[in-house]
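Here's the structure we're looking at; comments come further down.
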Amino acid sequence: MARPSRCPLELRRRAVHMVAEVRDDYQNETAALQAVTDKPGIGSRETLRNWLKQHEIDAGQRPGTTTEESAQLKARRRRTPS
């Protein structure tokens, strides 16, 4: 089981929003991610990249399991006897 995140959901949302705002100011996404990661409270560029990917999945812009679907699957697994 994954450990709970140390970062509040609001920090994640703000960081993803900041990447979207500054993306055009940098030559590539990695540079934009690094610029936002340099702000206090964000662990690493890869952490932010994962948050961004999950946001895109949740928004329907990228294929994958949404946060809501993942929560439903976890709830089903907890209810189903082994």
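To be explicit about the labels: the chains of the structure tokens are called A, B, and onward in the order shown, and within each one the residues are counted from 1, while ligands get numbers from 1 in the order they are shown.
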Problem set entry | Near-Glu69 (chain A) list (12 Å; only C-alpha atoms; drop same-chain fewer than 4 positions) as JSON, numbers by chain | {"A": [54, 57, 58, 64, 65, 73, 74, 75, 76]}
Writing out the chosen residues with N, CA and C atoms as a short mmCIF file (atom, residue, chain, number, x, y, z; two decimals), in the first residue's frame:
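The result, written out as part.cif:
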data_model
loop_
_atom_site.label_atom_id
_atom_site.label_comp_id
_atom_site.auth_asym_id
_atom_site.auth_seq_id
_atom_site.Cartn_x
_atom_site.Cartn_y
_atom_site.Cartn_z
N GLN A 54 -1.17 12.86 -13.36
CA GLN A 54 -2.44 12.47 -12.75
C GLN A 54 -3.52 13.51 -13.00
N ILE A 57 -4.77 12.94 -16.49
CA ILE A 57 -5.63 11.75 -16.52
C ILE A 57 -7.01 12.10 -15.97
N ASP A 58 -7.03 12.78 -14.82
CA ASP A 58 -8.31 13.15 -14.20
C ASP A 58 -9.12 14.09 -15.09
N GLY A 64 -5.63 6.60 -18.72
CA GLY A 64 -5.15 6.06 -17.45
C GLY A 64 -6.27 5.97 -16.44
N THR A 65 -5.96 5.51 -15.26
CA THR A 65 -6.93 5.35 -14.18
C THR A 65 -7.04 6.66 -13.42
N LEU A 73 -11.74 1.33 -6.80
CA LEU A 73 -11.11 0.01 -6.83
C LEU A 73 -10.56 -0.38 -5.45
N LYS A 74 -9.93 0.58 -4.78
CA LYS A 74 -9.40 0.30 -3.43
C LYS A 74 -10.53 -0.02 -2.47
N ALA A 75 -11.64 0.71 -2.57
CA ALA A 75 -12.78 0.45 -1.68
C ALA A 75 -13.34 -0.93 -1.93
N ARG A 76 -13.44 -1.35 -3.19
CA ARG A 76 -13.93 -2.70 -3.52
C ARG A 76 -13.01 -3.77 -2.95
#
For this session: Give me the residues within 10 Å of Glu46 (chain A) as a ChimeraX atom specification, counting only C-alpha atoms and dropping any in the same chain fewer than 5 places off.
Result: /A:30,33-34,37,51-52
Filtering to C-alpha atoms, could you give me those residues as a short mmCIF file (atom, residue, chain, number, x, y, z; two decimals), in the first residue's frame?
data_model
loop_
_atom_site.label_atom_id
_atom_site.label_comp_id
_atom_site.auth_asym_id
_atom_site.auth_seq_id
_atom_site.Cartn_x
_atom_site.Cartn_y
_atom_site.Cartn_z
CA THR A 30 11.31 19.70 -17.90
CA LEU A 33 8.80 21.67 -13.99
CA GLN A 34 12.20 22.50 -12.51
CA THR A 37 9.94 22.64 -8.20
CA TRP A 51 1.12 15.19 -10.13
CA LEU A 52 0.84 16.75 -13.58
#
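The list of residues with at least one atom within 12 Å of region 18-24 of chain A, based on only C-alpha atoms and without residues fewer than 2 positions apart in the same chain, reads A:Leu11, A:Arg12, A:Arg13, A:Arg14, A:Ala15, A:Val16, A:Tyr26, A:Gln27, A:Asn28, A:Glu29, A:Thr30, A:Ala31, A:Ala32, A:Leu33, A:Gln34, A:Ala35, A:Val36, A:Thr37, A:Asp38, A:Lys39, A:Arg45, A:Leu48, A:Arg49, A:Trp51, A:Leu52, A:Lys53, A:His55, A:Glu56.
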For this session: Would you work out the distance separating CA of Thr66 (chain A) from CA of Ser44 (chain A), expressed in Å to one decimal?
Result: 22.3 Å
For this session: Once DSSP has gone over the backbone, tell me which residues of region 1-80 of chain A are in helix (DSSP H, G or I), as number ranges by chain.
Result: A: 9-25, 29-37, 45-58, 67-79
For this session: Calculate how many Å separate CA of Gly41 (chain A) from CA of Asp25 (chain A), rounding to one decimal.
Result: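 So the two atoms, CA of Gly41 (chain A) and CA of Asp25 (chain A), lie 21.9 Å apart.
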